[in-house]
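Chemist: If it helps, the file is called structure_3.txt and holds compact mmCIF, C-alpha atoms and all ligand atoms:
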# COMPACT_ATOMS: atom_id res chain seq x y z
CA MET A 1 0.00 0.00 0.00
CA VAL A 2 1.32 3.42 -0.86
CA THR A 3 0.54 5.99 1.84
CA TYR A 4 1.10 9.69 1.81
CA GLY A 5 1.09 11.24 5.26
CA ALA A 6 -1.45 10.09 7.81
CA ASP A 7 -4.58 10.67 5.69
CA LEU A 8 -3.87 9.55 2.14
CA ALA A 9 -3.58 5.93 1.06
CA LEU A 10 -3.74 4.87 -2.60
CA PRO A 11 -4.49 1.56 -4.31
CA SER A 12 -1.36 -0.28 -5.34
CA VAL A 13 -0.65 -2.98 -7.92
CA ASN A 14 0.52 -6.01 -5.93
CA LYS A 15 0.99 -8.40 -8.85
CA THR A 16 1.04 -8.33 -12.65
CA ASP A 17 0.38 -11.46 -14.72
CA THR A 18 0.55 -11.72 -18.50
CA PHE A 19 -1.90 -13.93 -20.40
CA PRO A 20 -2.50 -14.61 -24.11
CA TRP A 21 -5.48 -12.24 -23.90
CA GLY A 22 -3.75 -9.38 -22.04
CA VAL A 23 -2.61 -8.39 -18.56
CA ARG A 24 -4.08 -9.02 -15.11
CA LEU A 25 -3.37 -6.64 -12.26
CA ILE A 26 -4.05 -7.65 -8.67
CA VAL A 27 -4.73 -4.40 -6.88
CA GLY A 28 -4.61 -3.87 -3.12
CA LEU A 29 -7.04 -1.28 -1.80
CA PRO A 30 -6.52 0.94 1.23
CA VAL A 31 -8.79 0.37 4.20
CA GLY A 32 -12.01 2.30 3.70
CA LEU A 33 -12.01 2.12 -0.12
CA PRO A 34 -14.56 -0.54 -1.08
CA SER A 35 -13.81 -2.56 -4.23
CA GLN A 36 -17.34 -1.83 -5.46
CA LYS A 37 -16.48 1.87 -5.59
CA MET A 38 -13.55 1.06 -7.88
CA ILE A 39 -15.76 -1.17 -10.02
CA ASP A 40 -18.44 1.52 -10.23
CA ASN A 41 -15.78 3.95 -11.46
CA GLN A 42 -14.27 1.48 -13.92
CA ARG A 43 -14.50 3.80 -16.92
CA ALA A 44 -12.85 6.70 -15.12
CA ILE A 45 -10.08 4.45 -13.83
CA ALA A 46 -9.50 2.96 -17.30
CA GLU A 47 -9.16 6.45 -18.72
CA ALA A 48 -6.75 7.40 -15.94
CA ILE A 49 -4.46 4.49 -16.84
CA ARG A 50 -4.92 5.30 -20.57
CA VAL A 51 -6.73 2.12 -21.55
CA ASP A 52 -9.93 1.86 -23.60
CA PRO A 53 -12.66 1.38 -20.93
CA ASP A 54 -14.29 -1.31 -23.11
CA ASN A 55 -11.12 -3.37 -22.73
CA VAL A 56 -11.10 -3.34 -18.94
CA GLU A 57 -12.89 -5.80 -16.67
CA MET A 58 -12.89 -5.62 -12.88
CA ARG A 59 -14.06 -7.96 -10.16
CA TYR A 60 -13.24 -8.63 -6.56
CA THR A 61 -11.81 -11.87 -5.19
CA ASN A 62 -10.09 -12.88 -1.95
CA ASP A 63 -6.75 -11.94 -3.55
CA GLY A 64 -7.92 -8.36 -3.98
CA LEU A 65 -9.35 -6.34 -6.82
CA ILE A 66 -8.68 -8.01 -10.18
CA VAL A 67 -8.25 -5.64 -13.10
CA ASP A 68 -8.02 -7.36 -16.48
CA ILE A 69 -6.74 -5.27 -19.37
CA ILE A 70 -7.71 -7.15 -22.50
CA THR A 71 -5.58 -6.70 -25.58
CA PHE A 72 -6.95 -9.72 -27.50
CA LYS A 73 -8.95 -8.61 -30.56
CA MET A 74 -12.17 -10.53 -31.02
CA PRO A 75 -12.34 -12.02 -34.52
CA MET A 76 -14.74 -10.35 -36.98
CA LYS A 77 -15.46 -13.82 -38.37
CA LEU A 78 -14.88 -17.13 -36.65
CA ALA A 79 -14.77 -20.19 -38.86
CA TYR A 80 -16.89 -23.16 -37.76
CA GLN A 81 -14.17 -25.70 -37.19
CA PHE A 82 -14.80 -28.44 -34.73
CA GLY A 83 -14.66 -32.16 -35.11
CA PRO A 84 -17.53 -34.62 -35.06
CA SER A 85 -19.88 -33.99 -32.14
CA SER A 86 -20.10 -36.57 -29.39
CA THR A 87 -23.39 -38.45 -29.37
CA SER A 88 -23.62 -38.18 -25.61
CA THR A 89 -23.25 -34.44 -25.10
CA TYR A 90 -25.77 -31.68 -25.55
CA ARG A 91 -23.03 -29.08 -25.20
CA VAL A 92 -22.76 -26.93 -28.30
CA PHE A 93 -20.08 -24.43 -29.20
CA THR A 94 -21.49 -20.89 -29.22
CA GLY A 95 -18.38 -18.83 -29.85
CA VAL A 96 -15.31 -17.25 -28.31
CA ASN A 97 -15.34 -14.58 -25.64
CA ARG A 98 -13.34 -11.38 -25.44
CA ARG A 99 -10.33 -13.36 -24.27
CA GLY A 100 -10.51 -15.84 -27.15
CA GLU A 101 -11.77 -18.60 -24.82
CA PRO A 102 -14.36 -21.02 -26.24
CA ARG A 103 -17.86 -20.90 -24.78
CA TYR A 104 -20.48 -23.64 -24.90
CA TYR A 105 -24.18 -23.84 -24.30
CA ASP A 106 -25.33 -27.01 -22.58
CA PHE A 107 -28.88 -28.09 -23.42
CA ASP A 108 -28.48 -30.61 -20.62
CA GLY A 109 -27.43 -27.96 -18.11
CA SER A 110 -29.16 -25.67 -15.65
CA TYR A 111 -30.66 -23.44 -18.35
CA PRO A 112 -32.00 -25.75 -21.05
CA HIS A 113 -34.34 -23.32 -22.80
CA LEU A 114 -32.79 -20.64 -24.95
CA LEU A 115 -34.13 -17.30 -26.19
CA ILE A 116 -32.33 -15.78 -29.18
CA GLY A 117 -33.00 -12.17 -30.19
CA GLY A 118 -31.47 -9.46 -32.32
CA ILE A 119 -31.91 -7.42 -35.49
CA SER A 120 -32.26 -8.89 -38.92
CA GLY A 121 -28.82 -9.76 -40.22
CA GLY A 122 -27.35 -10.06 -36.73
CA GLY A 123 -26.65 -13.77 -37.11
CA LYS A 124 -29.57 -15.67 -35.52
CA SER A 125 -30.12 -17.98 -38.47
CA VAL A 126 -26.42 -18.79 -38.77
CA LEU A 127 -26.24 -19.54 -35.04
CA LEU A 128 -29.36 -21.73 -35.19
CA ARG A 129 -27.82 -23.57 -38.15
CA SER A 130 -24.63 -24.17 -36.21
CA ILE A 131 -26.51 -25.32 -33.07
CA LEU A 132 -28.78 -27.68 -35.03
CA THR A 133 -25.85 -29.08 -37.01
CA GLN A 134 -23.99 -29.88 -33.79
CA LEU A 135 -27.07 -31.47 -32.21
CA ALA A 136 -27.99 -33.44 -35.35
CA THR A 137 -24.45 -34.78 -35.80
CA GLY A 138 -24.24 -35.35 -32.03
CA PRO A 139 -26.97 -36.72 -29.78
CA ALA A 140 -29.63 -36.25 -32.50
CA PRO A 141 -32.54 -35.36 -30.20
CA ASP A 142 -36.04 -35.47 -31.64
CA MET A 143 -36.45 -32.10 -33.30
CA TYR A 144 -39.51 -30.04 -34.15
CA LEU A 145 -38.52 -27.10 -36.32
CA CYS A 146 -40.92 -24.20 -36.81
CA ASP A 147 -39.61 -21.89 -39.48
CA LEU A 148 -42.17 -19.26 -40.27
CA LYS A 149 -39.89 -17.72 -42.90
CA GLU A 150 -41.35 -20.22 -45.35
CA GLY A 151 -38.90 -22.87 -44.20
CA VAL A 152 -36.05 -21.04 -45.92
CA GLU A 153 -33.61 -21.06 -43.02
CA LEU A 154 -34.16 -24.41 -41.33
CA GLY A 155 -35.20 -26.29 -44.48
CA ILE A 156 -31.82 -28.00 -44.84
CA PHE A 157 -32.60 -30.11 -41.76
CA ARG A 158 -36.10 -31.04 -42.85
CA ASP A 159 -35.38 -34.52 -44.21
CA LEU A 160 -33.25 -35.74 -41.32
CA ALA A 161 -34.65 -38.72 -39.46
CA CYS A 162 -34.29 -36.86 -36.14
CA VAL A 163 -36.58 -34.07 -37.39
CA LYS A 164 -40.00 -35.31 -36.31
CA GLY A 165 -41.90 -32.19 -37.27
CA PHE A 166 -41.33 -29.29 -39.64
CA ALA A 167 -43.74 -26.36 -39.60
CA SER A 168 -43.82 -23.30 -41.81
CA THR A 169 -47.40 -22.12 -41.21
CA LEU A 170 -49.21 -21.15 -38.00
CA PRO A 171 -51.53 -24.20 -38.01
CA ASP A 172 -48.46 -26.44 -38.48
CA VAL A 173 -46.72 -24.70 -35.59
CA LYS A 174 -49.77 -25.36 -33.43
CA ASN A 175 -49.65 -29.05 -34.40
CA ALA A 176 -45.92 -29.26 -33.65
CA ALA A 177 -46.30 -27.56 -30.26
CA ASP A 178 -49.29 -29.79 -29.42
CA GLU A 179 -47.31 -32.90 -30.35
CA VAL A 180 -44.47 -31.86 -28.08
CA ASP A 181 -47.02 -31.11 -25.34
CA VAL A 182 -48.50 -34.60 -25.68
CA GLU A 183 -44.97 -36.07 -25.52
CA MET A 184 -44.26 -34.06 -22.38
CA LYS A 185 -47.40 -35.42 -20.71
CA ARG A 186 -46.49 -38.97 -21.80
CA ARG A 187 -43.05 -38.60 -20.22
CA TYR A 188 -44.49 -37.21 -16.99
CA ALA A 189 -46.81 -40.22 -16.80
CA ILE A 190 -43.83 -42.59 -17.26
CA MET A 191 -41.79 -40.66 -14.71
CA ALA A 192 -44.67 -40.77 -12.21
CA ALA A 193 -44.98 -44.52 -12.70
CA ASN A 194 -41.20 -44.95 -12.17
CA GLY A 195 -41.06 -42.50 -9.31
CA SER A 196 -38.39 -40.47 -11.15
CA GLN A 197 -38.00 -36.70 -11.13
CA GLN A 198 -36.05 -36.32 -14.34
CA TRP A 199 -36.44 -37.75 -17.85
CA THR A 200 -33.23 -39.57 -18.74
CA GLY A 201 -34.16 -40.69 -22.25
CA LYS A 202 -33.65 -38.86 -25.51
CA LYS A 203 -34.48 -35.17 -25.38
CA THR A 204 -36.91 -33.32 -27.61
CA ILE A 205 -36.09 -29.88 -28.92
CA LEU A 206 -38.69 -27.45 -30.24
CA VAL A 207 -37.27 -24.57 -32.28
CA VAL A 208 -39.41 -21.57 -33.19
CA ASP A 209 -38.14 -18.92 -35.57
CA GLU A 210 -39.84 -16.22 -35.51
CA LEU A 211 -41.65 -15.54 -32.24
CA ALA A 212 -42.92 -12.13 -33.37
CA ASP A 213 -45.30 -13.90 -35.74
CA PHE A 214 -47.42 -14.79 -32.71
CA LYS A 215 -48.01 -11.13 -31.91
CA THR A 216 -51.71 -10.33 -32.09
CA ARG A 217 -53.32 -7.13 -33.31
CA ALA A 218 -56.84 -5.78 -32.85
CA GLY A 219 -59.20 -7.75 -35.07
CA ASP A 220 -56.51 -10.32 -35.90
CA PRO A 221 -58.36 -13.31 -37.44
CA GLU A 222 -55.56 -15.60 -36.27
CA ALA A 223 -55.53 -14.27 -32.70
CA LYS A 224 -57.11 -17.42 -31.25
CA LEU A 225 -54.57 -19.70 -32.95
CA LYS A 226 -51.65 -17.50 -31.93
CA ASN A 227 -52.83 -17.33 -28.33
CA GLU A 228 -53.21 -21.10 -28.19
CA ILE A 229 -49.64 -21.52 -29.47
CA LYS A 230 -48.35 -19.02 -26.89
CA THR A 231 -50.21 -20.84 -24.11
CA THR A 232 -48.64 -24.15 -25.13
CA LEU A 233 -45.16 -22.61 -25.43
CA THR A 234 -45.56 -21.07 -22.00
CA ARG A 235 -46.58 -24.43 -20.52
CA LEU A 236 -43.63 -26.16 -22.23
CA SER A 237 -41.24 -23.48 -20.97
CA ALA A 238 -42.54 -23.93 -17.42
CA LYS A 239 -42.72 -27.72 -17.25
CA GLY A 240 -40.59 -29.04 -20.12
CA ARG A 241 -37.20 -29.13 -18.45
CA ALA A 242 -37.73 -32.15 -16.17
CA ALA A 243 -39.28 -34.04 -19.09
CA GLY A 244 -36.30 -33.41 -21.38
CA ILE A 245 -38.24 -30.93 -23.53
CA ILE A 246 -36.13 -28.02 -24.67
CA LEU A 247 -37.29 -24.77 -26.30
CA VAL A 248 -35.20 -22.60 -28.57
CA LEU A 249 -37.15 -19.45 -29.40
CA ALA A 250 -35.79 -16.85 -31.83
CA THR A 251 -36.98 -13.39 -32.76
CA GLN A 252 -35.69 -10.41 -34.69
CA ARG A 253 -38.44 -8.19 -33.27
CA PRO A 254 -38.36 -8.79 -29.51
CA SER A 255 -41.78 -7.80 -28.26
CA ALA A 256 -42.99 -7.81 -24.67
CA ASP A 257 -46.37 -8.98 -25.97
CA VAL A 258 -44.84 -12.30 -26.99
CA ILE A 259 -41.88 -12.73 -24.67
CA ASP A 260 -44.22 -12.12 -21.79
CA GLY A 261 -43.41 -12.56 -18.12
CA LEU A 262 -44.03 -16.26 -18.02
CA ILE A 263 -41.95 -17.42 -21.01
CA LYS A 264 -39.19 -15.02 -19.92
CA THR A 265 -39.28 -16.25 -16.32
CA ASN A 266 -38.79 -19.81 -17.46
CA ILE A 267 -36.08 -19.12 -20.01
CA ALA A 268 -33.02 -18.18 -18.02
CA ALA A 269 -30.55 -18.27 -20.91
CA SER A 270 -30.59 -15.64 -23.64
CA ILE A 271 -28.47 -14.87 -26.63
CA CYS A 272 -28.90 -11.40 -28.01
CA PHE A 273 -27.33 -10.04 -31.17
CA ARG A 274 -27.38 -6.28 -31.78
CA THR A 275 -30.82 -4.79 -31.28
CA ARG A 276 -32.42 -1.76 -32.90
CA ASP A 277 -32.72 0.04 -29.56
CA GLY A 278 -32.45 -0.32 -25.81
CA ILE A 279 -36.10 -1.31 -25.47
CA GLN A 280 -35.63 -4.45 -27.57
CA SER A 281 -32.43 -5.26 -25.72
CA ARG A 282 -34.23 -4.92 -22.37
CA ILE A 283 -36.97 -7.32 -23.46
CA VAL A 284 -34.38 -10.05 -24.05
CA LEU A 285 -31.65 -9.19 -21.54
CA ASP A 286 -33.24 -6.82 -19.02
CA HIS A 287 -30.65 -4.18 -19.90
CA ASP A 288 -29.72 -1.96 -22.86
CA GLY A 289 -26.38 -3.65 -23.65
CA ALA A 290 -27.26 -5.30 -26.96
CA ALA A 291 -28.17 -1.94 -28.52
CA SER A 292 -24.54 -0.84 -28.30
CA LEU A 293 -22.93 -4.02 -29.61
CA PRO A 294 -20.72 -3.24 -32.62
CA ASP A 295 -22.26 -3.76 -36.06
CA VAL A 296 -20.48 -7.10 -36.55
CA PRO A 297 -22.60 -10.07 -37.67
CA GLY A 298 -22.24 -12.89 -35.17
CA ARG A 299 -21.37 -10.59 -32.25
CA LEU A 300 -23.68 -11.34 -29.34
CA ILE A 301 -24.28 -11.11 -25.62
CA TYR A 302 -24.69 -14.51 -23.99
CA GLN A 303 -26.60 -14.22 -20.74
CA THR A 304 -27.04 -16.87 -18.07
CA ALA A 305 -26.11 -16.01 -14.49
CA TYR A 306 -23.89 -13.28 -15.97
CA ASP A 307 -23.26 -11.65 -19.35
CA GLU A 308 -20.48 -12.40 -21.78
CA THR A 309 -19.84 -10.92 -25.22
CA LEU A 310 -19.07 -13.63 -27.80
CA GLN A 311 -18.30 -13.96 -31.49
CA ALA A 312 -20.40 -16.84 -32.82
CA PRO A 313 -18.93 -19.29 -35.33
CA TYR A 314 -19.86 -18.82 -38.97
CA LEU A 315 -21.30 -21.86 -40.69
CA ALA A 316 -22.46 -21.40 -44.27
CA ALA A 317 -25.54 -23.34 -45.43
CA ASP A 318 -23.51 -25.34 -47.98
CA GLU A 319 -21.03 -26.33 -45.31
CA ALA A 320 -23.84 -27.41 -42.96
CA ARG A 321 -25.40 -29.47 -45.78
CA LYS A 322 -22.10 -31.32 -46.18
CA LEU A 323 -21.79 -31.97 -42.45
CA ILE A 324 -25.27 -33.49 -42.21
CA ALA A 325 -25.20 -35.22 -45.63
CA ASP A 326 -24.51 -38.69 -44.24
CA LEU A 327 -26.96 -38.58 -41.36
CA PRO A 328 -29.98 -40.93 -41.48
CA LYS A 329 -32.85 -39.53 -43.50
CA LYS A 330 -36.57 -40.01 -43.09
CA THR A 331 -37.78 -43.23 -44.66
CA VAL A 332 -40.37 -42.54 -47.30
CA VAL A 333 -42.97 -45.27 -47.49
CA GLN A 334 -45.26 -45.29 -50.53
CA THR A 335 -47.61 -47.79 -52.02
CA GLU A 336 -47.26 -48.84 -55.65
CA GLU A 337 -50.48 -46.95 -56.34
CA GLU A 338 -49.00 -43.71 -54.98
CA ILE A 339 -45.78 -44.12 -56.94
CA ARG A 340 -47.70 -44.70 -60.20
CA HIS A 341 -49.73 -41.61 -59.42
CA VAL A 342 -46.62 -39.50 -58.83
CA THR A 343 -44.64 -40.78 -61.81
CA ASN A 344 -47.74 -41.16 -64.00
CA ASP A 345 -45.98 -44.13 -65.50
CA LYS A 346 -47.34 -47.65 -65.84
CA PRO A 347 -45.01 -50.68 -66.18
CA HIS A 348 -44.81 -51.95 -69.76
CA ALA A 349 -46.32 -55.30 -70.60
CA GLY A 350 -43.88 -58.14 -69.93
CA GLU A 351 -41.59 -55.90 -67.91
CA VAL A 352 -40.76 -57.08 -64.42
CA ASN A 353 -42.29 -54.62 -62.06
CA PRO A 354 -39.66 -53.86 -59.43
CA MET A 355 -42.38 -52.45 -57.24
CA ASP A 356 -44.24 -55.67 -56.74
CA GLY A 357 -45.45 -55.99 -53.21
CA ASP A 358 -47.65 -53.81 -51.08
CA ILE A 359 -45.22 -51.44 -49.47
CA ILE A 360 -41.93 -50.25 -50.78
CA GLU A 361 -39.23 -48.56 -48.78
CA LEU A 362 -37.29 -46.08 -50.84
N1 LIG B 401 -21.22 -15.68 -36.91
C1 LIG B 401 -21.10 -14.96 -38.02
N2 LIG B 401 -19.88 -14.57 -38.43
C2 LIG B 401 -19.74 -13.82 -39.54
N3 LIG B 401 -20.76 -13.42 -40.33
C3 LIG B 401 -22.00 -13.78 -39.97
C4 LIG B 401 -22.23 -14.57 -38.79
N4 LIG B 401 -23.55 -14.76 -38.68
C5 LIG B 401 -24.12 -14.13 -39.73
N5 LIG B 401 -23.19 -13.55 -40.51
C6 LIG B 401 -23.42 -12.77 -41.74
O1 LIG B 401 -24.64 -12.05 -41.61
C7 LIG B 401 -25.59 -12.50 -42.58
C8 LIG B 401 -26.98 -12.55 -41.95
O2 LIG B 401 -26.98 -13.55 -40.93
P1 LIG B 401 -28.32 -14.28 -40.50
O3 LIG B 401 -29.08 -14.71 -41.71
O4 LIG B 401 -27.97 -15.32 -39.53
O5 LIG B 401 -29.10 -13.09 -39.82
P2 LIG B 401 -30.46 -13.14 -39.02
O6 LIG B 401 -30.21 -12.47 -37.74
O7 LIG B 401 -30.99 -14.52 -38.97
O8 LIG B 401 -31.38 -12.26 -39.90
P3 LIG B 401 -32.90 -12.56 -40.29
O9 LIG B 401 -33.63 -12.58 -38.99
O10 LIG B 401 -33.26 -11.43 -41.19
O11 LIG B 401 -32.88 -13.88 -40.99
C9 LIG B 401 -25.07 -13.85 -43.04
O12 LIG B 401 -25.46 -14.14 -44.36
C10 LIG B 401 -23.58 -13.70 -42.92
O13 LIG B 401 -23.06 -13.05 -44.08
Reformat the file's structure so that it appears as structure tokens.
Modeler:
Amino acid sequence: MVTYGADLALPSVNKTDTFPWGVRLIVGLPVGLPSQKMIDNQRAIAEAIRVDPDNVEMRYTNDGLIVDIITFKMPMKLAYQFGPSSTSTYRVFTGVNRRGEPRYYDFDGSYPHLLIGGISGGGKSVLLRSILTQLATGPAPDMYLCDLKEGVELGIFRDLACVKGFASTLPDVKNAADEVDVEMKRRYAIMAANGSQQWTGKKTILVVDELADFKTRAGDPEAKLKNEIKTTLTRLSAKGRAAGIILVLATQRPSADVIDGLIKTNIAASICFRTRDGIQSRIVLDHDGAASLPDVPGRLIYQTAYDETLQAPYLAADEARKLIADLPKKTVVQTEEEIRHVTNDKPHAGEVNPMDGDIIEL
């Protein structure tokens, strides 16, 4: 501690450590100067030591006040490069943090449901693609994909055997959500019979892109349908976890009308790309932070118990198609009658009909 006379004592740097991401200072504080006061004045202190305030992080530990000065530059684009996913883990790579450290989201962890928000072009679809590719090539949970953008974004997964439902219209979304609801009730019944508290079998994941489509307006002819879907999503968000039912809900127009108290209360993990304004950021994160993220696609705030800024991996659609190309596909079962109808082609006389038999697996 550096003291000047009887009255003045200043913080002192007790230790300096160098890391690949920058420098860590362990700072001793004079008696009477609470660490929180330093943390509250982080920007002023950063300016005083001539460091960009955005590159300084402070927290208090038993060793003293930790001041991290980060010199690592977050990548503007992070290539999707990870090996084959393990079939037993629901942990998916979500990006690197400001220190270049990898971060994962665990669908089997404490916060299984995920809310993804942010402006158009922020990177939601690319992140969803990367998450679904990792899950499909990994544990391959049963998936229900609701893509209200005409199935454009999630369509590449549509034919996979693990995709049990694909919805691109509101009535289809209602059917998908109802099916998942029925499955949840079935699992609860099995769990009650076994006396178990937690579903240990295969998980089911329901993805909805775009939540704002459930917003109702005065005189909306689809209001009843939308409200029914919201009610089911709310129930799944509240009770799904123990039954291995996971929700991933995405929106580019975060609206309090849709992400109401209940869904929000039950979804403790959020990913927010840049938002148009502080209001949208607050709906997803409860603070304005996402409105001031830099205009870099894939840059996001990942919020669980605390916030972290990440750069998400970039996975192009063609690349994802290649990664899932060899996965099992849905088996199409058609009768000879249906095939004739589709091809409009009858077998020629004397020709051996390869489709003899009632049911043909293609
Ligand atoms: N992680 C990323 N790294 C680098 N570039 C990215 C990343 N994610 C997205 N981009 C770029 O931004 C573009 C838009 O991304 P994306 O389609 O995911 O946005 P979005 O948020 O889903 O928008 P919308 O809601 O309109 O579909 C991509 O085509 C790509 O060029």
Chemist: With all atoms listed in the file as the counted atoms, please give the residues lying no more than 8 Å from Glu153 of chain A, apart from itself and same-chain residues fewer than 3 positions off, as a list of chain:residue names.
Modeler: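 That gives A:Ser125, A:Arg129, A:Asp147, A:Lys149, A:Ile156.
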Chemist: One decimal, Å: what's the distance from atom CA of Thr234 of chain A over to atom CA of Asp213 of chain A, could you say?
Modeler: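 Interatomic distance, atom CA of Thr234 of chain A to atom CA of Asp213 of chain A: 15.5 Å.
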Chemist: Name the residues, by chain letter and number, that sit within 9 Å of ligand LIG 401 (chain B) using all atoms listed in the file, and give them as a PyMOL selection string.
Modeler: chain A and resi 75-80+95+117-129+149+153+209-210+250-253+273+296-299+311-316
Chemist: Just the selected residues (C-alpha atoms), exported as a PDB file, keeping the file's coordinate frame, please.
Modeler:
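As written to disk, out_10.pdb reads:
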ATOM      1  CA  PRO A  75     -12.340 -12.020 -34.520  1.00  0.00           C
ATOM      2  CA  MET A  76     -14.740 -10.350 -36.980  1.00  0.00           C
ATOM      3  CA  LYS A  77     -15.460 -13.820 -38.370  1.00  0.00           C
ATOM      4  CA  LEU A  78     -14.880 -17.130 -36.650  1.00  0.00           C
ATOM      5  CA  ALA A  79     -14.770 -20.190 -38.860  1.00  0.00           C
ATOM      6  CA  TYR A  80     -16.890 -23.160 -37.760  1.00  0.00           C
ATOM      7  CA  GLY A  95     -18.380 -18.830 -29.850  1.00  0.00           C
ATOM      8  CA  GLY A 117     -33.000 -12.170 -30.190  1.00  0.00           C
ATOM      9  CA  GLY A 118     -31.470  -9.460 -32.320  1.00  0.00           C
ATOM     10  CA  ILE A 119     -31.910  -7.420 -35.490  1.00  0.00           C
ATOM     11  CA  SER A 120     -32.260  -8.890 -38.920  1.00  0.00           C
ATOM     12  CA  GLY A 121     -28.820  -9.760 -40.220  1.00  0.00           C
ATOM     13  CA  GLY A 122     -27.350 -10.060 -36.730  1.00  0.00           C
ATOM     14  CA  GLY A 123     -26.650 -13.770 -37.110  1.00  0.00           C
ATOM     15  CA  LYS A 124     -29.570 -15.670 -35.520  1.00  0.00           C
ATOM     16  CA  SER A 125     -30.120 -17.980 -38.470  1.00  0.00           C
ATOM     17  CA  VAL A 126     -26.420 -18.790 -38.770  1.00  0.00           C
ATOM     18  CA  LEU A 127     -26.240 -19.540 -35.040  1.00  0.00           C
ATOM     19  CA  LEU A 128     -29.360 -21.730 -35.190  1.00  0.00           C
ATOM     20  CA  ARG A 129     -27.820 -23.570 -38.150  1.00  0.00           C
ATOM     21  CA  LYS A 149     -39.890 -17.720 -42.900  1.00  0.00           C
ATOM     22  CA  GLU A 153     -33.610 -21.060 -43.020  1.00  0.00           C
ATOM     23  CA  ASP A 209     -38.140 -18.920 -35.570  1.00  0.00           C
ATOM     24  CA  GLU A 210     -39.840 -16.220 -35.510  1.00  0.00           C
ATOM     25  CA  ALA A 250     -35.790 -16.850 -31.830  1.00  0.00           C
ATOM     26  CA  THR A 251     -36.980 -13.390 -32.760  1.00  0.00           C
ATOM     27  CA  GLN A 252     -35.690 -10.410 -34.690  1.00  0.00           C
ATOM     28  CA  ARG A 253     -38.440  -8.190 -33.270  1.00  0.00           C
ATOM     29  CA  PHE A 273     -27.330 -10.040 -31.170  1.00  0.00           C
ATOM     30  CA  VAL A 296     -20.480  -7.100 -36.550  1.00  0.00           C
ATOM     31  CA  PRO A 297     -22.600 -10.070 -37.670  1.00  0.00           C
ATOM     32  CA  GLY A 298     -22.240 -12.890 -35.170  1.00  0.00           C
ATOM     33  CA  ARG A 299     -21.370 -10.590 -32.250  1.00  0.00           C
ATOM     34  CA  GLN A 311     -18.300 -13.960 -31.490  1.00  0.00           C
ATOM     35  CA  ALA A 312     -20.400 -16.840 -32.820  1.00  0.00           C
ATOM     36  CA  PRO A 313     -18.930 -19.290 -35.330  1.00  0.00           C
ATOM     37  CA  TYR A 314     -19.860 -18.820 -38.970  1.00  0.00           C
ATOM     38  CA  LEU A 315     -21.300 -21.860 -40.690  1.00  0.00           C
ATOM     39  CA  ALA A 316     -22.460 -21.400 -44.270  1.00  0.00           C
TER      40      ALA A 316
END
Chemist: Within 7 Å of (-7.8, -2.1, -18.5) (file coordinates; only C-alpha atoms), which protein or nucleic acid residues are there? I'd like them as a PyMOL selection string.
Modeler: chain A and resi 46+51-53+55-57+67-70
Chemist: If you count only C-alpha atoms, which residues fall within 10 Å of Gln134 of chain A, apart from same-chain ones fewer than 4 positions away, as a count of residues only?
Modeler: 20
Chemist: To one decimal place in Å, what is the distance between atom CA of Pro171 of chain A and atom CA of Ala268 of chain A?
Modeler: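 Pair atom CA of Pro171 of chain A / atom CA of Ala268 of chain A returns 27.9 Å.
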Chemist: Can you tell me how far atom CA of Arg276 of chain A sits from atom CA of Thr94 of chain A, in Å to one decimal?
Modeler: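 Going from atom CA of Arg276 of chain A over to atom CA of Thr94 of chain A covers 22.3 Å.
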Chemist: List as a list in words: which residues have an atom within 10 Å of (-6.5, -10.8, -14.7), counting only C-alpha atoms?
Modeler: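 With a cut-off of 10 Å, the residues come to Lys15, Thr16, Asp17, Thr18, Phe19, Trp21, Gly22, Val23, Arg24, Leu25, Ile26, Val56, Glu57, Met58, Arg59, Leu65, Ile66, Val67, Asp68, Ile69 and Ile70 of chain A.
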Chemist: Taking 6 positions as the minimum chain separation for residues in the same chain, which residues sit within 9 Å of Ile245 of chain A when counting all atoms listed in the file? Answer as a ChimeraX atom specification.
Modeler: /A:112-113,180-181,183-184,203-206,236-237,239
Chemist: Point out the residue among A:Lys185, A:Arg217, A:Lys224, A:His287 with the least atom-to-atom distance to Gly244 of chain A, counting only C-alpha atoms.
Modeler: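 When distances to Gly244 of chain A are compared using only C-alpha atoms, the smallest one comes from A:Lys185.
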